[in-house]
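Scroll down for the structure; my scribbles are underneath it.
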Amino acid sequence: MKMLWLALALLSIAAANASAVDCSSRPSWDNAGIYVGGDSVKHLGNAYTANWWTQAEDPVTHSGTWDVWHYDGACDGGTSSSSSSSSSSSSSSSSSSSSSSSSSSSSSSSSGGGSCSSPQYVAGTSYAAGDLVQNVGLEFRCEIAGWCSQGGAYEPGVGWAWQDAWTQVGDCGAGSSSSSSSSSSSSSSSSSSSGGSSSGGNSGLLPKHALVGYWHNFDNGSGIHRISEVSDVWDVIVVAFADDAGNGSVAFNLDPSLDKQQFIADIAAKRAAGKIVVVSFGGQNGTVTLDTDENVANFVSSTAAMLDEYGFDGIDIDLESGAGVMHGAPVVTNLVKAVKQLKVQYPNMYLSMAPEHPYVQGGYVAYSGIWGAYLPMIDQLRSELDLLHVQLYNNGGLSTPYQSQAYSAGSVDMMVASAMMLIEGFPLADGSYFNGLAPEQVALGLPSGPNSASSGFAATADINRALDCLTAQTNCATLTPSQAYPGFKGVMTWSINWDMHDGGIFSGPVGSHVHNLP
């Protein structure tokens, strides 16, 4: 503890003695403004630069080594309380791999000094931007009037989305330790932008709405980053991929550019911050060997060893044609058997699937070979399944029961139709029927940008329209669901690496929209 205080003190001295930043050409930070990586602003006498896409994230409480804003220093040598707060936040963030837990901690420790002469917050009151209130022993400033006045999820310091509406500006000194703990927990949850209580799948780990991304363990032009560098906007990090070690066994072989023990520590830190980190089997070239009972036993034991060694929350199945997934193949039957055995050992094991759409909705057109080949697995594992995010890219348009022609890849209608089929069920080409899943078990699967897939790119505005259409029957194109599905889980993308390479062009606008769904 003494060393921590010494580090903070030294950092504060260093910040105070740093060269003054000329802020004359920097615009003032605007809560309603949209900023991308490299944009610079001034705020409360300090200078900041955006690391990636951001909106409504106060630089004072969202700056740090891995956070959305980089603290550049005090404007013209000024030293203010916000400068001290930023220094503390940066120090706290750099001392931990989890920026969400660091942000929560630094916000709590550096926010003292509020007079708390502000009135007590009352749910349902009409608040204006700039209004100050106190709640749970802390003081808050309203940033977005419409949300501040709603209460519930936006109750300052309590609701899961309070940081979208309010900024904590002080500590009234009257909160009990339990209130402080509650605030810290809420801050961490809000920083991760998760939805309310857990509501998805068998494991119970998922937030109400989730942004899922694949982090790949190889450099395909997008670069490799530490898990700790992944933004807190991601609720689920899918580590791609495990390797086939032969005779049913699997292994995870970390890229040589990364340190294994640091990798394990980074996963632990993300999980401590409320994130889900899982390992994926498959990919374009990935295989598993599951032809015999011996293969199944080896697969189960080696997967269990991998979960224990790396601390993964569970597994993701992304097997494609290279793994021989087709109707009648042993891998289909044996994979179901293996997953059920793993669930006995790990009752809370997270399970997701990311098949290409011919393997799922393709069963409507044909039901042999690869067409609809995932459906028997999905059907037999529906009670174990957390999330199904079918890949809507690299395979052209989608044939559905809703119109005679296929919907074009990347269109709002294709996204909506693909989800409706999975939720409402659809007839199969062999005359049988696939019964739908719960909306909480379904998400869209899309490329993060034009560089990350060969086809199927969808504009972020269209992705958000599809989400609105599915959850609230608004902003639809030509196809509207017969009912709203407010529990629809969210969006998966390939990949986190490409999104980081491209400056957060996907995770910024889509992540923000996902986390503000009803």
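Labeling convention for the structure tokens: chains A, B, ... as they appear, residues from 1 per chain, ligands from 1 in order of appearance.
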Shell of 6 Å around region 279-294 of chain A, only C-alpha atoms, local chain residues under 4 positions omitted, as an MDAnalysis selection string: chainID A and resid 238:242 244 248 315:319 322:323 330:331
Residue neighbourhood Met349 (chain A), 12 Å, only C-alpha atoms, exclusion window fewer than 6 positions, as a PyMOL selection string: chain A and resi 201-206+276-279+303-304+307-308+311-316+339-343+384-386
Between CA of Ser408 (chain A) and CA of Gly396 (chain A), distance in Å (one decimal):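 So the answer is 7.0 Å.
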Residue nearest Ser507 (chain A) - candidates A:Asp232, A:Asp72, A:Asp22, A:Asp266, atoms counted: only C-alpha atoms: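 Ranking A:Asp232, A:Asp72, A:Asp22, A:Asp266 by distance to Ser507 (chain A), first place goes to A:Asp232.
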Can you list, as a short mmCIF file (atom, residue, chain, number, x, y, z; two decimals) with all heavy atoms, in the first residue's frame, every protein, DNA or RNA residue that comes within 9 Å of Glu143 (chain A) when you count only C-alpha atoms, leaving out same-chain residues fewer than 6 positions away?
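selection.cif written:
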data_model
loop_
_atom_site.label_atom_id
_atom_site.label_comp_id
_atom_site.auth_asym_id
_atom_site.auth_seq_id
_atom_site.Cartn_x
_atom_site.Cartn_y
_atom_site.Cartn_z
N ASN A 31 -19.83 16.55 -24.77
CA ASN A 31 -20.41 15.26 -24.41
C ASN A 31 -21.16 14.62 -25.58
O ASN A 31 -21.20 13.41 -25.73
CB ASN A 31 -21.37 15.43 -23.22
CG ASN A 31 -21.93 14.10 -22.73
OD1 ASN A 31 -21.22 13.34 -22.10
ND2 ASN A 31 -23.19 13.84 -23.01
N ALA A 32 -21.76 15.45 -26.44
CA ALA A 32 -22.53 14.93 -27.57
C ALA A 32 -21.67 14.70 -28.81
O ALA A 32 -22.13 14.13 -29.80
CB ALA A 32 -23.67 15.89 -27.92
N ALA A 56 -19.63 10.60 -25.51
CA ALA A 56 -20.21 10.70 -24.16
C ALA A 56 -19.38 9.99 -23.10
O ALA A 56 -19.91 9.54 -22.09
CB ALA A 56 -21.65 10.18 -24.15
N ALA A 128 -31.78 18.59 -16.11
CA ALA A 128 -31.15 19.23 -17.28
C ALA A 128 -29.66 18.96 -17.25
O ALA A 128 -29.08 18.70 -16.18
CB ALA A 128 -31.42 20.73 -17.27
N ALA A 129 -29.02 19.00 -18.40
CA ALA A 129 -27.57 18.82 -18.47
C ALA A 129 -26.89 19.85 -17.58
O ALA A 129 -27.21 21.04 -17.61
CB ALA A 129 -27.09 18.96 -19.91
N GLY A 130 -25.98 19.39 -16.75
CA GLY A 130 -25.27 20.27 -15.82
C GLY A 130 -25.82 20.24 -14.41
O GLY A 130 -25.14 20.69 -13.47
N ASP A 131 -27.03 19.71 -14.22
CA ASP A 131 -27.60 19.62 -12.88
C ASP A 131 -26.77 18.69 -12.01
O ASP A 131 -26.29 17.65 -12.46
CB ASP A 131 -29.04 19.09 -12.94
CG ASP A 131 -30.03 20.14 -13.42
OD1 ASP A 131 -29.62 21.31 -13.60
OD2 ASP A 131 -31.21 19.79 -13.63
N ASP A 164 -23.65 6.39 -18.71
CA ASP A 164 -24.06 6.94 -20.00
C ASP A 164 -24.80 8.27 -19.82
O ASP A 164 -24.91 9.05 -20.77
CB ASP A 164 -24.98 5.97 -20.74
CG ASP A 164 -24.25 4.70 -21.15
OD1 ASP A 164 -23.03 4.76 -21.36
OD2 ASP A 164 -24.91 3.65 -21.27
N ALA A 165 -25.32 8.52 -18.62
CA ALA A 165 -26.12 9.72 -18.37
C ALA A 165 -25.45 10.71 -17.43
O ALA A 165 -25.65 11.92 -17.55
CB ALA A 165 -27.49 9.33 -17.80
N TRP A 166 -24.65 10.20 -16.49
CA TRP A 166 -24.09 11.03 -15.42
C TRP A 166 -22.56 10.91 -15.37
O TRP A 166 -21.99 9.93 -15.84
CB TRP A 166 -24.63 10.60 -14.06
CG TRP A 166 -26.12 10.64 -13.90
CD1 TRP A 166 -27.01 9.66 -14.25
CD2 TRP A 166 -26.89 11.72 -13.37
NE1 TRP A 166 -28.29 10.06 -13.95
CE2 TRP A 166 -28.25 11.31 -13.40
CE3 TRP A 166 -26.58 12.98 -12.85
CZ2 TRP A 166 -29.29 12.13 -12.95
CZ3 TRP A 166 -27.60 13.79 -12.40
CH2 TRP A 166 -28.94 13.38 -12.45
N THR A 167 -21.93 11.91 -14.75
CA THR A 167 -20.51 11.84 -14.42
C THR A 167 -20.37 12.03 -12.92
O THR A 167 -20.95 12.97 -12.35
CB THR A 167 -19.71 12.94 -15.14
OG1 THR A 167 -19.77 12.71 -16.56
CG2 THR A 167 -18.25 12.93 -14.70
#
Picked from region 248-428 of chain A by DSSP as alpha helix (DSSP H), as number ranges by chain: A: 260-272, 293-310, 330-345, 375-380, 412-424
Distance query Trp53 (chain A) at most 9 Å, only C-alpha atoms, self and fewer than 2 positions along chain excluded, as a PDB file with all heavy atoms, in the first residue's frame:
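Output file selection34.pdb is given in full below:
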ATOM      1  N   ILE A  34     -18.743  13.299 -31.392  1.00  0.00           N
ATOM      2  CA  ILE A  34     -18.186  11.996 -31.759  1.00  0.00           C
ATOM      3  C   ILE A  34     -16.717  12.206 -32.108  1.00  0.00           C
ATOM      4  O   ILE A  34     -16.382  13.068 -32.927  1.00  0.00           O
ATOM      5  CB  ILE A  34     -18.936  11.385 -32.948  1.00  0.00           C
ATOM      6  CG1 ILE A  34     -20.375  11.044 -32.547  1.00  0.00           C
ATOM      7  CG2 ILE A  34     -18.224  10.128 -33.452  1.00  0.00           C
ATOM      8  CD1 ILE A  34     -21.213  10.514 -33.694  1.00  0.00           C
ATOM      9  N   TYR A  35     -15.830  11.428 -31.484  1.00  0.00           N
ATOM     10  CA  TYR A  35     -14.392  11.572 -31.690  1.00  0.00           C
ATOM     11  C   TYR A  35     -13.816  10.238 -32.157  1.00  0.00           C
ATOM     12  O   TYR A  35     -14.289   9.162 -31.758  1.00  0.00           O
ATOM     13  CB  TYR A  35     -13.709  12.015 -30.390  1.00  0.00           C
ATOM     14  CG  TYR A  35     -14.251  13.321 -29.842  1.00  0.00           C
ATOM     15  CD1 TYR A  35     -15.257  13.321 -28.877  1.00  0.00           C
ATOM     16  CD2 TYR A  35     -13.785  14.539 -30.308  1.00  0.00           C
ATOM     17  CE1 TYR A  35     -15.776  14.512 -28.381  1.00  0.00           C
ATOM     18  CE2 TYR A  35     -14.295  15.736 -29.827  1.00  0.00           C
ATOM     19  CZ  TYR A  35     -15.295  15.718 -28.857  1.00  0.00           C
ATOM     20  OH  TYR A  35     -15.808  16.900 -28.373  1.00  0.00           O
ATOM     21  N   VAL A  36     -12.801  10.307 -32.996  1.00  0.00           N
ATOM     22  CA  VAL A  36     -12.107   9.110 -33.466  1.00  0.00           C
ATOM     23  C   VAL A  36     -10.657   9.198 -33.039  1.00  0.00           C
ATOM     24  O   VAL A  36     -10.194  10.238 -32.549  1.00  0.00           O
ATOM     25  CB  VAL A  36     -12.213   8.959 -34.994  1.00  0.00           C
ATOM     26  CG1 VAL A  36     -13.650   8.786 -35.419  1.00  0.00           C
ATOM     27  CG2 VAL A  36     -11.584  10.156 -35.711  1.00  0.00           C
ATOM     28  N   GLY A  37      -9.937   8.088 -33.190  1.00  0.00           N
ATOM     29  CA  GLY A  37      -8.545   8.044 -32.771  1.00  0.00           C
ATOM     30  C   GLY A  37      -7.720   9.192 -33.335  1.00  0.00           C
ATOM     31  O   GLY A  37      -7.750   9.448 -34.531  1.00  0.00           O
ATOM     32  N   ALA A  50      -8.013  11.256 -28.165  1.00  0.00           N
ATOM     33  CA  ALA A  50      -8.794  10.022 -28.259  1.00  0.00           C
ATOM     34  C   ALA A  50      -7.945   8.885 -28.812  1.00  0.00           C
ATOM     35  O   ALA A  50      -7.185   9.073 -29.767  1.00  0.00           O
ATOM     36  CB  ALA A  50     -10.016  10.238 -29.145  1.00  0.00           C
ATOM     37  N   ASN A  51      -8.068   7.703 -28.196  1.00  0.00           N
ATOM     38  CA  ASN A  51      -7.364   6.515 -28.677  1.00  0.00           C
ATOM     39  C   ASN A  51      -8.152   5.785 -29.755  1.00  0.00           C
ATOM     40  O   ASN A  51      -7.568   5.095 -30.583  1.00  0.00           O
ATOM     41  CB  ASN A  51      -7.085   5.553 -27.519  1.00  0.00           C
ATOM     42  CG  ASN A  51      -6.011   6.089 -26.585  1.00  0.00           C
ATOM     43  OD1 ASN A  51      -5.026   6.651 -27.039  1.00  0.00           O
ATOM     44  ND2 ASN A  51      -6.219   5.931 -25.290  1.00  0.00           N
ATOM     45  N   GLN A  55     -17.882   8.518 -27.730  1.00  0.00           N
ATOM     46  CA  GLN A  55     -18.925   9.526 -27.568  1.00  0.00           C
ATOM     47  C   GLN A  55     -19.431   9.448 -26.136  1.00  0.00           C
ATOM     48  O   GLN A  55     -19.628   8.359 -25.588  1.00  0.00           O
ATOM     49  CB  GLN A  55     -20.086   9.294 -28.542  1.00  0.00           C
ATOM     50  CG  GLN A  55     -21.167  10.382 -28.460  1.00  0.00           C
ATOM     51  CD  GLN A  55     -22.316  10.135 -29.443  1.00  0.00           C
ATOM     52  OE1 GLN A  55     -22.614   9.009 -29.783  1.00  0.00           O
ATOM     53  NE2 GLN A  55     -22.947  11.204 -29.903  1.00  0.00           N
ATOM     54  N   VAL A  68     -10.142   4.982 -23.283  1.00  0.00           N
ATOM     55  CA  VAL A  68     -10.487   5.623 -24.548  1.00  0.00           C
ATOM     56  C   VAL A  68      -9.728   6.931 -24.763  1.00  0.00           C
ATOM     57  O   VAL A  68      -9.415   7.299 -25.894  1.00  0.00           O
ATOM     58  CB  VAL A  68     -12.015   5.839 -24.630  1.00  0.00           C
ATOM     59  CG1 VAL A  68     -12.501   6.772 -23.546  1.00  0.00           C
ATOM     60  CG2 VAL A  68     -12.420   6.332 -25.996  1.00  0.00           C
ATOM     61  N   GLY A 503      -9.034   1.545 -35.909  1.00  0.00           N
ATOM     62  CA  GLY A 503      -9.370   2.677 -35.051  1.00  0.00           C
ATOM     63  C   GLY A 503     -10.736   2.606 -34.392  1.00  0.00           C
ATOM     64  O   GLY A 503     -11.316   3.635 -34.056  1.00  0.00           O
ATOM     65  N   GLY A 504     -11.269   1.385 -34.215  1.00  0.00           N
ATOM     66  CA  GLY A 504     -12.540   1.245 -33.516  1.00  0.00           C
ATOM     67  C   GLY A 504     -13.749   1.631 -34.347  1.00  0.00           C
ATOM     68  O   GLY A 504     -14.790   1.999 -33.789  1.00  0.00           O
ATOM     69  N   ILE A 505     -13.662   1.486 -35.672  1.00  0.00           N
ATOM     70  CA  ILE A 505     -14.772   1.914 -36.536  1.00  0.00           C
ATOM     71  C   ILE A 505     -16.007   1.044 -36.358  1.00  0.00           C
ATOM     72  O   ILE A 505     -17.117   1.458 -36.695  1.00  0.00           O
ATOM     73  CB  ILE A 505     -14.364   1.933 -38.024  1.00  0.00           C
ATOM     74  CG1 ILE A 505     -13.905   0.537 -38.495  1.00  0.00           C
ATOM     75  CG2 ILE A 505     -13.280   2.960 -38.273  1.00  0.00           C
ATOM     76  CD1 ILE A 505     -13.662   0.434 -39.984  1.00  0.00           C
ATOM     77  N   PHE A 506     -15.832  -0.161 -35.829  1.00  0.00           N
ATOM     78  CA  PHE A 506     -16.976  -1.050 -35.572  1.00  0.00           C
ATOM     79  C   PHE A 506     -17.395  -0.983 -34.111  1.00  0.00           C
ATOM     80  O   PHE A 506     -18.561  -0.728 -33.792  1.00  0.00           O
ATOM     81  CB  PHE A 506     -16.600  -2.490 -35.942  1.00  0.00           C
ATOM     82  CG  PHE A 506     -17.711  -3.486 -35.722  1.00  0.00           C
ATOM     83  CD1 PHE A 506     -18.573  -3.816 -36.755  1.00  0.00           C
ATOM     84  CD2 PHE A 506     -17.886  -4.108 -34.493  1.00  0.00           C
ATOM     85  CE1 PHE A 506     -19.595  -4.739 -36.563  1.00  0.00           C
ATOM     86  CE2 PHE A 506     -18.899  -5.021 -34.290  1.00  0.00           C
ATOM     87  CZ  PHE A 506     -19.754  -5.337 -35.325  1.00  0.00           C
ATOM     88  N   SER A 507     -16.455  -1.203 -33.203  1.00  0.00           N
ATOM     89  CA  SER A 507     -16.793  -1.308 -31.779  1.00  0.00           C
ATOM     90  C   SER A 507     -17.337  -0.009 -31.211  1.00  0.00           C
ATOM     91  O   SER A 507     -18.137  -0.036 -30.269  1.00  0.00           O
ATOM     92  CB  SER A 507     -15.571  -1.745 -30.971  1.00  0.00           C
ATOM     93  OG  SER A 507     -14.526  -0.787 -31.061  1.00  0.00           O
ATOM     94  N   GLY A 508     -16.929   1.136 -31.786  1.00  0.00           N
ATOM     95  CA  GLY A 508     -17.443   2.407 -31.285  1.00  0.00           C
ATOM     96  C   GLY A 508     -18.935   2.558 -31.514  1.00  0.00           C
ATOM     97  O   GLY A 508     -19.729   2.520 -30.563  1.00  0.00           O
ATOM     98  N   PRO A 509     -19.361   2.717 -32.757  1.00  0.00           N
ATOM     99  CA  PRO A 509     -20.791   2.948 -33.002  1.00  0.00           C
ATOM    100  C   PRO A 509     -21.668   1.743 -32.702  1.00  0.00           C
ATOM    101  O   PRO A 509     -22.765   1.898 -32.161  1.00  0.00           O
ATOM    102  CB  PRO A 509     -20.839   3.315 -34.491  1.00  0.00           C
ATOM    103  CG  PRO A 509     -19.573   2.796 -35.081  1.00  0.00           C
ATOM    104  CD  PRO A 509     -18.548   2.857 -33.991  1.00  0.00           C
TER     105      PRO A 509
END
Best match for closeness to Val412 (chain A) among A:Glu320, A:Asp468, A:Asp58, A:Asp430, counting only C-alpha atoms: A:Asp468
Option closest in space to Leu132 (chain A), from A:Val236, A:Ala145, A:Ile423, A:Val250 [counting only C-alpha atoms]: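 Of the candidates, the smallest distance to Leu132 (chain A) is held by A:Ala145.
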Distance query Pro427 (chain A) at most 10 Å, only C-alpha atoms, self and fewer than 2 positions along chain excluded, as a PyMOL selection string: chain A and resi 361+363-365+400-401+421+425+429-435
Store the residues of this selection in a file with N, CA, C and O atoms, as a PDB file, in the first residue's frame.
ATOM      1  N   GLN A 361     -28.971 -21.640 -41.595  1.00  0.00           N
ATOM      2  CA  GLN A 361     -30.141 -21.248 -42.385  1.00  0.00           C
ATOM      3  C   GLN A 361     -30.149 -21.925 -43.754  1.00  0.00           C
ATOM      4  O   GLN A 361     -31.194 -22.037 -44.387  1.00  0.00           O
ATOM      5  N   GLY A 363     -30.114 -24.883 -44.330  1.00  0.00           N
ATOM      6  CA  GLY A 363     -30.967 -26.054 -44.264  1.00  0.00           C
ATOM      7  C   GLY A 363     -32.341 -25.816 -44.852  1.00  0.00           C
ATOM      8  O   GLY A 363     -33.066 -26.774 -45.154  1.00  0.00           O
ATOM      9  N   TYR A 364     -32.703 -24.554 -45.040  1.00  0.00           N
ATOM     10  CA  TYR A 364     -33.971 -24.214 -45.679  1.00  0.00           C
ATOM     11  C   TYR A 364     -33.935 -24.543 -47.172  1.00  0.00           C
ATOM     12  O   TYR A 364     -34.936 -24.920 -47.767  1.00  0.00           O
ATOM     13  N   VAL A 365     -32.747 -24.405 -47.766  1.00  0.00           N
ATOM     14  CA  VAL A 365     -32.577 -24.631 -49.208  1.00  0.00           C
ATOM     15  C   VAL A 365     -32.271 -26.097 -49.510  1.00  0.00           C
ATOM     16  O   VAL A 365     -32.808 -26.682 -50.453  1.00  0.00           O
ATOM     17  N   THR A 400     -34.561 -17.262 -47.542  1.00  0.00           N
ATOM     18  CA  THR A 400     -35.389 -17.331 -46.342  1.00  0.00           C
ATOM     19  C   THR A 400     -36.833 -17.644 -46.726  1.00  0.00           C
ATOM     20  O   THR A 400     -37.205 -17.563 -47.906  1.00  0.00           O
ATOM     21  N   PRO A 401     -37.687 -17.953 -45.742  1.00  0.00           N
ATOM     22  CA  PRO A 401     -39.107 -18.170 -46.037  1.00  0.00           C
ATOM     23  C   PRO A 401     -39.882 -16.877 -46.294  1.00  0.00           C
ATOM     24  O   PRO A 401     -41.080 -16.938 -46.594  1.00  0.00           O
ATOM     25  N   MET A 421     -35.264 -16.314 -38.407  1.00  0.00           N
ATOM     26  CA  MET A 421     -35.271 -17.757 -38.650  1.00  0.00           C
ATOM     27  C   MET A 421     -34.778 -18.516 -37.429  1.00  0.00           C
ATOM     28  O   MET A 421     -35.326 -19.576 -37.068  1.00  0.00           O
ATOM     29  N   GLY A 425     -37.895 -20.176 -35.819  1.00  0.00           N
ATOM     30  CA  GLY A 425     -37.844 -21.487 -36.447  1.00  0.00           C
ATOM     31  C   GLY A 425     -38.126 -21.392 -37.934  1.00  0.00           C
ATOM     32  O   GLY A 425     -38.625 -20.373 -38.426  1.00  0.00           O
ATOM     33  N   ALA A 429     -35.429 -28.375 -45.766  1.00  0.00           N
ATOM     34  CA  ALA A 429     -35.626 -28.919 -47.112  1.00  0.00           C
ATOM     35  C   ALA A 429     -36.006 -30.391 -47.106  1.00  0.00           C
ATOM     36  O   ALA A 429     -36.528 -30.894 -48.103  1.00  0.00           O
ATOM     37  N   ASP A 430     -35.767 -31.099 -45.983  1.00  0.00           N
ATOM     38  CA  ASP A 430     -36.132 -32.517 -45.924  1.00  0.00           C
ATOM     39  C   ASP A 430     -37.554 -32.714 -45.402  1.00  0.00           C
ATOM     40  O   ASP A 430     -37.980 -33.849 -45.175  1.00  0.00           O
ATOM     41  N   GLY A 431     -38.291 -31.625 -45.207  1.00  0.00           N
ATOM     42  CA  GLY A 431     -39.666 -31.710 -44.744  1.00  0.00           C
ATOM     43  C   GLY A 431     -39.830 -31.589 -43.246  1.00  0.00           C
ATOM     44  O   GLY A 431     -40.960 -31.502 -42.746  1.00  0.00           O
ATOM     45  N   SER A 432     -38.733 -31.560 -42.490  1.00  0.00           N
ATOM     46  CA  SER A 432     -38.814 -31.383 -41.035  1.00  0.00           C
ATOM     47  C   SER A 432     -38.772 -29.892 -40.706  1.00  0.00           C
ATOM     48  O   SER A 432     -38.839 -29.034 -41.606  1.00  0.00           O
ATOM     49  N   TYR A 433     -38.646 -29.581 -39.425  1.00  0.00           N
ATOM     50  CA  TYR A 433     -38.728 -28.182 -39.002  1.00  0.00           C
ATOM     51  C   TYR A 433     -37.713 -27.926 -37.897  1.00  0.00           C
ATOM     52  O   TYR A 433     -37.553 -28.761 -36.983  1.00  0.00           O
ATOM     53  N   PHE A 434     -37.022 -26.792 -37.975  1.00  0.00           N
ATOM     54  CA  PHE A 434     -36.118 -26.388 -36.894  1.00  0.00           C
ATOM     55  C   PHE A 434     -36.868 -25.482 -35.935  1.00  0.00           C
ATOM     56  O   PHE A 434     -37.360 -24.424 -36.324  1.00  0.00           O
ATOM     57  N   ASN A 435     -36.980 -25.900 -34.688  1.00  0.00           N
ATOM     58  CA  ASN A 435     -37.627 -25.074 -33.668  1.00  0.00           C
ATOM     59  C   ASN A 435     -36.665 -23.998 -33.190  1.00  0.00           C
ATOM     60  O   ASN A 435     -35.492 -24.279 -32.925  1.00  0.00           O
TER      61      ASN A 435
END
Separation of CA of Trp215 (chain A) from CA of Ile496 (chain A) in Å: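 Separation of CA of Ile496 (chain A) and CA of Trp215 (chain A): 5.2 Å.
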DSSP strand (DSSP E) residues within region 225-305 of chain A, as a VMD selection string: chain A and resid 236 to 246 249 to 251 276 to 282
From A:Gly213, A:Pro347, A:Gly410, A:Gly137, residue lying nearest Ala461 (chain A) [only C-alpha atoms]: A:Gly410
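Of the residues under consideration (A:Asn135, A:Gln262, A:Thr460, A:Gln483), A:Thr460 shows the shortest atom-to-atom contact distance to Pro447 (chain A) when counting only C-alpha atoms.
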Point-to-point distance in Å for CA of Pro156 (chain A) and CA of Gly490 (chain A): 24.8 Å
Ser455 (chain A) environment, 12 Å, only C-alpha atoms, sequence neighbours closer than 4 positions dropped, as an MDAnalysis selection string: chainID A and resid 391:397 408:410 446:451
Just write the chosen residues, C-alpha atoms, as a PDB file, in the first residue's frame.
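Writing the result to again_4.pdb gives the following:
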ATOM      1  CA  GLN A 391     -21.467 -15.723 -39.782  1.00  0.00           C
ATOM      2  CA  LEU A 392     -23.332 -13.565 -42.299  1.00  0.00           C
ATOM      3  CA  TYR A 393     -20.281 -13.015 -44.489  1.00  0.00           C
ATOM      4  CA  ASN A 394     -18.097 -14.710 -47.113  1.00  0.00           C
ATOM      5  CA  ASN A 395     -21.079 -16.735 -48.384  1.00  0.00           C
ATOM      6  CA  GLY A 396     -23.274 -14.359 -50.368  1.00  0.00           C
ATOM      7  CA  GLY A 397     -26.962 -13.643 -49.789  1.00  0.00           C
ATOM      8  CA  SER A 408     -28.365  -9.498 -50.280  1.00  0.00           C
ATOM      9  CA  ALA A 409     -25.382  -9.811 -47.954  1.00  0.00           C
ATOM     10  CA  GLY A 410     -24.902  -6.849 -45.647  1.00  0.00           C
ATOM     11  CA  LEU A 446     -20.627  -9.601 -39.090  1.00  0.00           C
ATOM     12  CA  PRO A 447     -17.222  -8.340 -40.285  1.00  0.00           C
ATOM     13  CA  SER A 448     -15.712  -5.468 -38.311  1.00  0.00           C
ATOM     14  CA  GLY A 449     -14.760  -3.629 -41.494  1.00  0.00           C
ATOM     15  CA  PRO A 450     -14.022  -3.967 -45.204  1.00  0.00           C
ATOM     16  CA  ASN A 451     -10.562  -5.443 -44.490  1.00  0.00           C
TER      17      ASN A 451
END
